[in-house]
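A short worksheet on the structure shown next.
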Amino acid sequence: MRCVIRQGVERRAVLALACGLSLLLGLAAAWPRAAVADCGGVETAGPAHHRAGQRPPLAIGDSTMLLAMYDLTAIGFQVNAHGCRQFPEALALLRARKQAGTLPHMVVIALGADGSITHADIGETLGLLCCNRLLVLVTPRELGGGSGSDATTVREEVHRHPKRTRLLDWVNFSRGHGGWFQPDGLHLTTAGALAFTGFLKQALPWAYPKAKPKPKPKPKPKPPPPTPRPPPPVF
């Protein structure tokens, strides 16, 4: 009888353990889906104006750009932002644009709040934009509002490629402006969205290729000097 009781207890324990493991596995499987849902979809918006016959500058960002999206389009940017975006997603976007022949002259990338930025990431980006397009990199703030290794990588790559890149150091520019950010130190308030837009506006003078100077007209050849008349005959 004792043996039967022990077997029953052991069986219930095994079943309880199996149910617990099943519940944990179910929660683990649901977690990525919930995380993806919290990130939302890709948000895009076209510029309110841009130079005729030219593709508008493209700003690529994550959730930290979302609140500023329509302010950026108002000053002439095309915006593509996605919550939780990491750098490989930006590379895939640029790869698709290159294949479609729709890359603009200037691309602004403001990423790094999610994941990390490597030297290889920026090198691949420059390869996709080769060889006469401009990459503008925005230094990312870390959680809590400070600087980190991603900002250092961005600064080093801009220093390494001065002819192909430009730096917008948002970390340094926004330091001390707590009112621009939500409590996490990353996401913008309304005032921060306006400040971020004004900061990115500095890149607009680089947005389009410089017009080639018109060749100077060739000077008209001077007419030949008049042929001197022979002196009259002397009689």
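Letters A, B, ... mark the chains of the structure tokens in the order given; residue numbers begin at 1 per chain; ligand numbers begin at 1, in order shown.
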
- May I have all residues of stretch 97-205 of chain A that DSSP, computed from the backbone, assigns to alpha helix (DSSP H), given as number ranges by chain? A: 97-100, 119-128, 149-160, 170-174, 190-200

Might you pull out every residue within 12 Å of A:Arg164, with only C-alpha atoms counted and same-chain residues fewer than 2 positions away left off, and present them as an mmCIF file with N, CA and C atoms, in the first residue's frame?
```
data_model
loop_
_atom_site.group_PDB
_atom_site.id
_atom_site.type_symbol
_atom_site.label_atom_id
_atom_site.label_comp_id
_atom_site.auth_asym_id
_atom_site.auth_seq_id
_atom_site.Cartn_x
_atom_site.Cartn_y
_atom_site.Cartn_z
ATOM 1 N N HIS A 105 21.101 60.849 -52.817
ATOM 2 C CA HIS A 105 22.493 61.282 -52.686
ATOM 3 C C HIS A 105 22.948 61.200 -51.235
ATOM 4 N N MET A 106 22.045 61.496 -50.272
ATOM 5 C CA MET A 106 22.432 61.526 -48.863
ATOM 6 C C MET A 106 21.511 60.632 -48.032
ATOM 7 N N VAL A 107 22.128 59.846 -47.149
ATOM 8 C CA VAL A 107 21.393 58.999 -46.210
ATOM 9 C C VAL A 107 21.844 59.361 -44.797
ATOM 10 N N ILE A 122 29.185 49.932 -40.603
ATOM 11 C CA ILE A 122 29.371 51.196 -41.310
ATOM 12 C C ILE A 122 30.154 50.976 -42.600
ATOM 13 N N GLY A 123 31.111 50.060 -42.573
ATOM 14 C CA GLY A 123 31.839 49.736 -43.792
ATOM 15 C C GLY A 123 30.926 49.181 -44.871
ATOM 16 N N THR A 125 27.728 49.774 -45.107
ATOM 17 C CA THR A 125 26.872 50.884 -45.538
ATOM 18 C C THR A 125 27.577 51.731 -46.596
ATOM 19 N N LEU A 126 28.836 52.032 -46.362
ATOM 20 C CA LEU A 126 29.600 52.812 -47.335
ATOM 21 C C LEU A 126 29.744 52.055 -48.652
ATOM 22 N N GLY A 127 29.844 50.740 -48.565
ATOM 23 C CA GLY A 127 29.901 49.952 -49.792
ATOM 24 C C GLY A 127 28.615 50.056 -50.590
ATOM 25 N N LEU A 128 27.484 50.055 -49.901
ATOM 26 C CA LEU A 128 26.198 50.165 -50.594
ATOM 27 C C LEU A 128 26.009 51.559 -51.194
ATOM 28 N N LEU A 129 26.593 52.571 -50.561
ATOM 29 C CA LEU A 129 26.446 53.941 -51.044
ATOM 30 C C LEU A 129 27.587 54.359 -51.969
ATOM 31 N N CYS A 130 28.467 53.430 -52.266
ATOM 32 C CA CYS A 130 29.612 53.761 -53.106
ATOM 33 C C CYS A 130 29.150 54.211 -54.505
ATOM 34 N N CYS A 131 29.769 55.210 -55.022
ATOM 35 C CA CYS A 131 30.971 55.838 -54.485
ATOM 36 C C CYS A 131 30.816 57.367 -54.395
ATOM 37 N N ASN A 132 29.667 57.875 -54.816
ATOM 38 C CA ASN A 132 29.498 59.326 -54.820
ATOM 39 C C ASN A 132 28.337 59.778 -53.948
ATOM 40 N N ARG A 133 27.883 58.905 -53.023
ATOM 41 C CA ARG A 133 26.811 59.290 -52.110
ATOM 42 C C ARG A 133 27.390 59.566 -50.726
ATOM 43 N N LEU A 134 26.623 60.301 -49.925
ATOM 44 C CA LEU A 134 27.107 60.757 -48.618
ATOM 45 C C LEU A 134 26.343 60.056 -47.505
ATOM 46 N N LEU A 135 27.068 59.575 -46.498
ATOM 47 C CA LEU A 135 26.478 58.956 -45.317
ATOM 48 C C LEU A 135 26.644 59.905 -44.134
ATOM 49 N N VAL A 136 25.533 60.272 -43.512
ATOM 50 C CA VAL A 136 25.547 61.113 -42.317
ATOM 51 C C VAL A 136 25.170 60.233 -41.133
ATOM 52 N N LEU A 137 26.041 60.182 -40.134
ATOM 53 C CA LEU A 137 25.836 59.324 -38.969
ATOM 54 C C LEU A 137 25.539 60.171 -37.732
ATOM 55 N N GLU A 157 34.565 56.118 -37.288
ATOM 56 C CA GLU A 157 34.346 55.842 -38.705
ATOM 57 C C GLU A 157 34.243 57.125 -39.521
ATOM 58 N N VAL A 158 33.634 58.150 -38.943
ATOM 59 C CA VAL A 158 33.564 59.437 -39.663
ATOM 60 C C VAL A 158 34.962 60.030 -39.807
ATOM 61 N N HIS A 159 35.768 59.892 -38.759
ATOM 62 C CA HIS A 159 37.151 60.381 -38.834
ATOM 63 C C HIS A 159 37.941 59.595 -39.888
ATOM 64 N N ARG A 160 37.609 58.314 -40.041
ATOM 65 C CA ARG A 160 38.327 57.455 -40.986
ATOM 66 C C ARG A 160 37.921 57.727 -42.426
ATOM 67 N N HIS A 161 36.693 58.196 -42.643
ATOM 68 C CA HIS A 161 36.184 58.407 -44.005
ATOM 69 C C HIS A 161 35.651 59.841 -44.145
ATOM 70 N N PRO A 162 36.525 60.824 -44.074
ATOM 71 C CA PRO A 162 36.045 62.222 -44.067
ATOM 72 C C PRO A 162 35.386 62.661 -45.364
ATOM 73 N N ARG A 166 29.651 62.343 -42.827
ATOM 74 C CA ARG A 166 29.555 63.529 -41.980
ATOM 75 C C ARG A 166 29.032 63.080 -40.615
ATOM 76 N N LEU A 167 29.397 63.817 -39.568
ATOM 77 C CA LEU A 167 29.009 63.474 -38.205
ATOM 78 C C LEU A 167 28.020 64.496 -37.661
ATOM 79 N N TRP A 206 23.969 69.358 -47.509
ATOM 80 C CA TRP A 206 24.693 68.271 -48.175
ATOM 81 C C TRP A 206 23.752 67.324 -48.909
#
```

- Message: Can you pull out every residue from stretch 8-196 of chain A that DSSP, working from the backbone, puts in strand (DSSP E or B), and format the result as a list in words?
- Response: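 Going through stretch 8-196 of chain A, the strand (DSSP E or B) residues come out as Glu43, Thr44, Ala45, Leu58, Ala59, Ile60, Gly61, Gln78, Val79, Asn80, Ala81, Met106, Val107, Val108, Ile109, Ala110, Leu134, Leu135, Val136, Leu137, Val138, Thr165, Arg166, Leu167, Leu168, Phe181 and Leu188 of chain A.
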
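When atom CA of A:Thr190 is paired with atom CA of A:Ala81, their separation reads 17.0 Å.
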
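Distances to A:Gln78 were evaluated for A:Glu156, A:Glu124, A:Asp114, A:Glu43 using only C-alpha atoms, and the minimum falls at A:Glu43.
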
- May I have the residues within 10 Å of A:Pro47 as a list in words, using only C-alpha atoms and disregarding those fewer than 6 positions away in the same chain?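 So the residues in contact are Pro56, Pro57, Leu58, Tyr70, Asp71, Leu72, Thr73, Ala74, Ile75, Gly76, Phe77, Gln78 and Val79 of chain A.
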
- Quick one: of A:Ala52, A:Ala45, A:Ala92, A:Ala193, who's nearest to A:Thr64, counting only C-alpha atoms?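 For A:Thr64, the nearest of the candidates is A:Ala193.
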
- Residue with smallest distance to A:Phe87 - pool A:Gly112, A:Gly192, A:Gly40, A:Gly185, counting only C-alpha atoms: A:Gly112

- Task: May I ask which of the residues A:Val138, A:Thr152, A:Lys222, A:Lys212 is the closest one to A:Leu200, counting only C-alpha atoms?
- Result: A:Val138

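Comparing the minimum interatomic distances between A:Gln54 and each of A:Leu67, A:Lys163, A:Cys84, A:Pro104, counting only C-alpha atoms, we find that A:Pro104 sits nearest.
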
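With only C-alpha atoms as the atoms that count, the residue of A:Thr189, A:Met65, A:Pro205, A:Leu168 with the shortest distance to A:Ala151 is A:Leu168.
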